[in-house]
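What's in model12.txt: compact mmCIF, C-alpha atoms and all ligand atoms
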```txt
# COMPACT_ATOMS: atom_id res chain seq x y z
CA MET X 440 139.58 107.96 81.10
CA SER X 441 136.48 108.67 83.15
CA ARG X 442 134.57 105.74 84.48
CA THR X 443 130.85 105.38 83.64
CA ILE X 444 128.62 105.87 86.63
CA GLY X 445 125.94 103.23 87.17
CA THR X 446 122.35 104.44 87.26
CA VAL X 447 120.70 104.02 90.65
CA VAL X 448 116.99 103.25 90.38
CA TRP X 449 115.46 104.01 93.75
CA PHE X 450 111.98 102.45 94.07
CA VAL X 451 109.90 104.46 96.54
CA GLY X 452 106.49 103.28 97.72
CA LEU X 453 104.34 101.72 100.40
CA SER X 454 104.88 98.17 101.55
CA GLY X 455 103.08 95.94 99.06
CA SER X 456 103.06 98.54 96.30
CA GLY X 457 105.25 96.37 94.04
CA LYS X 458 108.86 97.55 94.48
CA THR X 459 110.39 94.10 95.01
CA THR X 460 108.34 92.43 92.28
CA ILE X 461 109.31 95.02 89.67
CA GLY X 462 112.94 95.08 90.85
CA ARG X 463 113.15 91.32 90.47
CA ILE X 464 111.86 91.35 86.89
CA VAL X 465 114.21 94.19 85.93
CA SER X 466 117.08 92.28 87.52
CA GLN X 467 116.24 89.20 85.40
CA GLU X 468 116.16 91.35 82.26
CA LEU X 469 119.55 92.87 83.08
CA GLN X 470 120.96 89.44 83.93
CA ARG X 471 119.81 88.14 80.55
CA ARG X 472 121.76 90.95 78.89
CA ASN X 473 124.85 90.45 81.08
CA ILE X 474 124.61 93.94 82.51
CA ALA X 475 126.40 94.33 85.82
CA HIS X 476 123.84 95.28 88.44
CA ALA X 477 122.90 94.80 92.08
CA VAL X 478 119.63 94.74 93.97
CA LEU X 479 119.79 96.33 97.41
CA ASP X 480 116.71 94.81 98.94
CA GLY X 481 115.54 96.61 102.08
CA ASP X 482 114.54 93.47 103.98
CA GLU X 483 117.76 91.66 103.11
CA LEU X 484 119.97 94.61 104.10
CA ARG X 485 118.06 95.02 107.34
CA GLN X 486 118.91 91.44 108.28
CA ALA X 487 122.61 92.00 107.66
CA LEU X 488 123.92 95.58 107.57
CA SER X 489 121.18 97.06 109.73
CA SER X 490 120.32 94.22 112.10
CA ASP X 491 120.92 96.65 114.98
CA LEU X 492 118.21 99.04 113.76
CA GLY X 493 114.45 99.22 114.23
CA PHE X 494 111.82 101.37 112.51
CA SER X 495 111.90 104.56 114.56
CA ARG X 496 112.56 107.73 112.58
CA PRO X 497 116.29 107.98 113.52
CA ASP X 498 116.79 104.26 112.80
CA ARG X 499 115.09 104.54 109.43
CA MET X 500 117.31 107.50 108.59
CA LYS X 501 120.42 105.48 109.52
CA HIS X 502 119.26 102.52 107.47
CA ILE X 503 118.71 104.70 104.42
CA GLN X 504 122.14 106.28 104.89
CA ARG X 505 123.84 102.88 104.96
CA THR X 506 121.96 101.75 101.87
CA LEU X 507 122.85 105.01 100.18
CA PHE X 508 126.52 104.47 100.97
CA VAL X 509 126.50 100.98 99.39
CA ALA X 510 124.62 102.34 96.36
CA GLN X 511 127.24 105.08 95.97
CA LEU X 512 130.11 102.58 96.04
CA LEU X 513 128.52 100.28 93.47
CA SER X 514 127.36 103.08 91.21
CA ARG X 515 130.81 104.67 91.22
CA ASN X 516 132.12 101.36 89.91
CA GLY X 517 129.76 101.40 86.97
CA ILE X 518 127.17 99.03 88.38
CA VAL X 519 123.44 99.62 87.84
CA VAL X 520 121.82 99.59 91.28
CA LEU X 521 118.18 98.77 92.00
CA VAL X 522 116.94 99.82 95.43
CA PRO X 523 113.45 98.67 96.42
CA LEU X 524 113.05 100.50 99.73
CA ILE X 525 109.97 102.30 101.13
CA THR X 526 111.98 105.53 101.74
CA PRO X 527 108.97 107.27 103.25
CA TYR X 528 110.30 110.72 104.14
CA LYS X 529 110.95 113.53 101.71
CA GLU X 530 114.19 114.50 103.45
CA MET X 531 115.61 111.00 102.89
CA ARG X 532 114.91 111.19 99.18
CA GLU X 533 116.42 114.65 98.95
CA GLN X 534 119.58 113.27 100.52
CA CYS X 535 119.66 110.40 98.00
CA ARG X 536 119.21 112.75 95.06
CA ALA X 537 121.91 115.09 96.35
CA SER X 538 124.40 112.24 96.97
CA LEU X 539 123.94 110.23 93.78
CA PRO X 540 124.69 111.88 90.43
CA SER X 541 122.84 109.07 88.65
CA TYR X 542 119.77 108.89 90.91
CA ALA X 543 116.47 107.94 89.26
CA GLU X 544 113.52 108.07 91.60
CA VAL X 545 110.64 105.79 90.69
CA TYR X 546 107.44 106.22 92.64
CA VAL X 547 105.74 102.83 92.78
CA LYS X 548 102.26 104.10 93.45
CA CYS X 549 99.41 102.04 94.79
CA PRO X 550 96.53 103.12 97.05
CA LEU X 551 97.02 102.14 100.69
CA GLU X 552 93.71 100.21 100.71
CA ARG X 553 94.95 98.09 97.80
CA CYS X 554 98.28 97.41 99.54
CA ILE X 555 96.35 96.37 102.65
CA GLU X 556 94.22 94.02 100.52
CA ARG X 557 97.33 92.53 98.93
CA ASP X 558 99.09 92.24 102.31
CA VAL X 559 101.86 90.24 100.64
CA LYS X 560 103.83 89.58 103.81
CA GLY X 561 101.00 89.74 106.35
CA LEU X 562 102.55 92.89 107.80
CA TYR X 563 99.51 95.16 107.48
CA ARG X 564 97.41 92.71 109.47
CA LYS X 565 99.99 92.83 112.26
CA ALA X 566 100.41 96.60 112.04
CA LEU X 567 96.64 97.15 112.18
CA ALA X 568 96.53 94.89 115.24
CA GLY X 569 99.13 97.14 116.86
CA GLU X 570 101.85 94.49 116.73
CA ILE X 571 104.26 96.52 114.56
CA PRO X 572 104.80 100.11 115.67
CA HIS X 573 105.88 102.84 113.21
CA PHE X 574 104.46 101.00 110.20
CA THR X 575 104.43 103.21 107.11
CA GLY X 576 100.92 104.21 106.08
CA ILE X 577 99.37 102.94 109.32
CA ASP X 578 101.04 104.87 112.11
CA ASP X 579 103.99 106.44 110.38
CA ARG X 580 103.94 108.99 107.60
CA PHE X 581 104.56 108.45 103.91
CA ASP X 582 105.32 111.67 102.04
CA GLU X 583 104.11 111.37 98.45
CA PRO X 584 107.06 111.99 96.12
CA ASP X 585 106.47 115.35 94.45
CA SER X 586 109.05 115.17 91.69
CA PRO X 587 109.85 111.54 90.87
CA ASP X 588 111.61 110.73 87.59
CA LEU X 589 108.91 108.16 86.89
CA THR X 590 105.62 107.16 88.51
CA ILE X 591 104.29 103.66 88.04
CA GLU X 592 100.74 102.93 89.12
CA THR X 593 100.72 99.23 89.90
CA ASP X 594 97.00 98.94 90.60
CA GLY X 595 96.07 98.67 86.95
CA GLU X 596 98.98 97.21 85.05
CA THR X 597 100.90 93.97 85.10
CA PRO X 598 104.29 93.63 86.80
CA ALA X 599 105.81 92.87 83.39
CA SER X 600 104.61 96.13 81.87
CA SER X 601 105.75 98.07 84.96
CA ALA X 602 109.20 96.49 84.60
CA GLY X 603 109.18 97.39 80.90
CA ARG X 604 108.83 101.05 81.86
CA ILE X 605 111.90 100.79 84.07
CA MET X 606 113.83 99.28 81.18
CA GLU X 607 112.80 102.30 79.09
CA LEU X 608 114.01 104.60 81.86
CA LEU X 609 117.36 102.81 81.93
CA ARG X 610 117.63 103.13 78.16
CA ARG X 611 116.91 106.87 78.40
CA ARG X 612 119.63 107.10 81.04
CA GLY X 613 122.14 105.64 78.61
CA VAL X 614 122.28 102.01 79.74
CA LYS X 615 123.02 99.94 76.63
CA LEU X 616 120.24 97.37 76.58
CA ASP X 617 120.24 96.30 72.96
CA GLU X 618 121.24 92.71 72.38
P1 LIG G 701 106.86 95.80 97.99
O1 LIG G 701 108.22 95.30 97.61
O2 LIG G 701 106.58 97.17 97.48
O3 LIG G 701 106.59 95.65 99.46
P2 LIG G 701 105.92 93.43 96.64
O4 LIG G 701 106.60 93.51 95.32
O5 LIG G 701 106.51 92.51 97.67
O6 LIG G 701 105.76 94.89 97.25
O7 LIG G 701 104.40 93.01 96.43
C1 LIG G 701 103.58 93.59 95.43
C2 LIG G 701 102.39 92.68 95.11
O8 LIG G 701 101.57 93.32 94.14
C3 LIG G 701 102.83 91.35 94.50
O9 LIG G 701 101.96 90.33 94.99
C4 LIG G 701 102.61 91.56 93.00
O10 LIG G 701 102.33 90.36 92.30
C5 LIG G 701 101.40 92.48 92.99
N1 LIG G 701 101.32 93.36 91.77
C6 LIG G 701 100.25 93.52 91.00
N2 LIG G 701 100.49 94.35 89.98
C7 LIG G 701 101.77 94.74 90.09
C8 LIG G 701 102.62 95.59 89.31
N3 LIG G 701 102.20 96.24 88.21
N4 LIG G 701 103.89 95.75 89.72
C9 LIG G 701 104.33 95.13 90.84
N5 LIG G 701 103.58 94.32 91.61
C10 LIG G 701 102.30 94.11 91.25
```

Before anything else, please render the file you have as structure tokens.
Amino acid sequence: MSRTIGTVVWFVGLSGSGKTTIGRIVSQELQRRNIAHAVLDGDELRQALSSDLGFSRPDRMKHIQRTLFVAQLLSRNGIVVLVPLITPYKEMREQCRASLPSYAEVYVKCPLERCIERDVKGLYRKALAGEIPHFTGIDDRFDEPDSPDLTIETDGETPASSAGRIMELLRRRGVKLDE
């Protein structure tokens, strides 16, 4: 019998665009339905798996590769995986798509100026003051996804409706969500 592969929803977007917020709501919805899933939060993984890495290009690539490896393991075991991670470079995303048969790329889109206004974690203020080098959108590049499976513009809808669109995506991908 073949095992079902878990969908991997990879949230791509600038810091402050809404990846974590949406991921959290989707996780609650899946929890409520007893659907096995995992959230691979970038900040959390950086503190554990990637505590030896910084934000230079090679370090970012390594961090993505480690996250990708964990996502592969979980997905292969039938677990839905939510990955809120900036994933700024096109080549990283191509590697994710090529390595994960159940990859769903969601572009969490929000104008940089709006993310700077939100400045959820106070990181833009520090980056603009030159205290954080290689900060995406400030002094490191963010390649706009050119063929995401879904684009969510968070500067004009509520987190709940954004999360609802992810639930729809999961349904389309065959995740059984009906109670
Ligand atoms: P990221 O994980 O991308 O760095 P966060 O989720 O930490 O971003 O922060 C996004 C901020 O934007 C939160 O304060 C959230 O309440 C707000 N926000 C407004 N609208 C939305 C939306 N539609 N989806 C997600 N976040 C939103």

Could you report the residues within 6 Å of ligand LIG 701 (chain G), using all atoms listed in the file, as an MDAnalysis selection string?
-> chainID X and resid 453:461 559 593:594 596:598 601

Write out as a list in words each polymer residue whose atoms come within 7 Å of X:Pro523, counting all atoms listed in the file; drop sequence neighbours fewer than 2 positions from it.
->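 These residues fall inside the cut-off: Trp449, Phe450, Val451, Lys458, Thr459, Gly462, Leu479, Asp480, Gly481, Leu521 and Ile525 of chain X.
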
Among the residues X:Arg463, X:Met531, X:Asp482, X:Ile503, the one that comes closest to X:Lys560 [using all atoms listed in the file] =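 Ranking X:Arg463, X:Met531, X:Asp482, X:Ile503 by distance to X:Lys560, first place goes to X:Asp482.
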
When you draw a straight line from atom CA of X:Ile444 to atom CA of X:Val519, how long is it in Å?
->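 That distance, rounded to one decimal, is 8.2 Å.
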
For X:Ser514, the nearest of the candidates X:Val448, X:Leu492, X:Cys549, X:Leu567, counting all atoms listed in the file =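 Residue with the minimum atom-to-atom distance to X:Ser514: X:Val448.
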
Have a look at atom CA of X:Tyr546 and atom CA of X:Leu589 and let me know their distance in Å, one decimal.
->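 We find that atom CA of X:Tyr546 and atom CA of X:Leu589 lie 6.2 Å from each other.
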
Which residue of X:Ala543, X:Leu512, X:Val520, X:Val465 approaches X:Arg612 most closely, using all atoms listed in the file |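 The shortest atom-to-atom distance to X:Arg612 comes from X:Ala543.
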
Can you tell me, as an MDAnalysis selection string, which residues sit within 12 Å of (117.4, 95.9, 104.8) in the file's frame, using all atoms listed in the file?
-> chainID X and resid 478:494 498:499 501:507 509 522:526

Distance atom CA of X:Pro527-atom CA of X:Gln470, one decimal place?
->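 Separation between atom CA of X:Pro527 and atom CA of X:Gln470: 28.9 Å.
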
Would you be able to write out as a tab-separated table (two decimals) with C-alpha atoms, in the coordinates of the input which residues have an atom within 9 Å of (108.5, 100.3, 84.2) in the file's coordinates, counting only C-alpha atoms?
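For reference, part.tsv as written:
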```
chain	number	residue	atom	x	y	z
X	461	ILE	CA	109.31	95.02	89.67
X	465	VAL	CA	114.21	94.19	85.93
X	545	VAL	CA	110.64	105.79	90.69
X	589	LEU	CA	108.91	108.16	86.89
X	590	THR	CA	105.62	107.16	88.51
X	591	ILE	CA	104.29	103.66	88.04
X	598	PRO	CA	104.29	93.63	86.80
X	599	ALA	CA	105.81	92.87	83.39
X	600	SER	CA	104.61	96.13	81.87
X	601	SER	CA	105.75	98.07	84.96
X	602	ALA	CA	109.20	96.49	84.60
X	603	GLY	CA	109.18	97.39	80.90
X	604	ARG	CA	108.83	101.05	81.86
X	605	ILE	CA	111.90	100.79	84.07
X	606	MET	CA	113.83	99.28	81.18
X	607	GLU	CA	112.80	102.30	79.09
X	608	LEU	CA	114.01	104.60	81.86
```
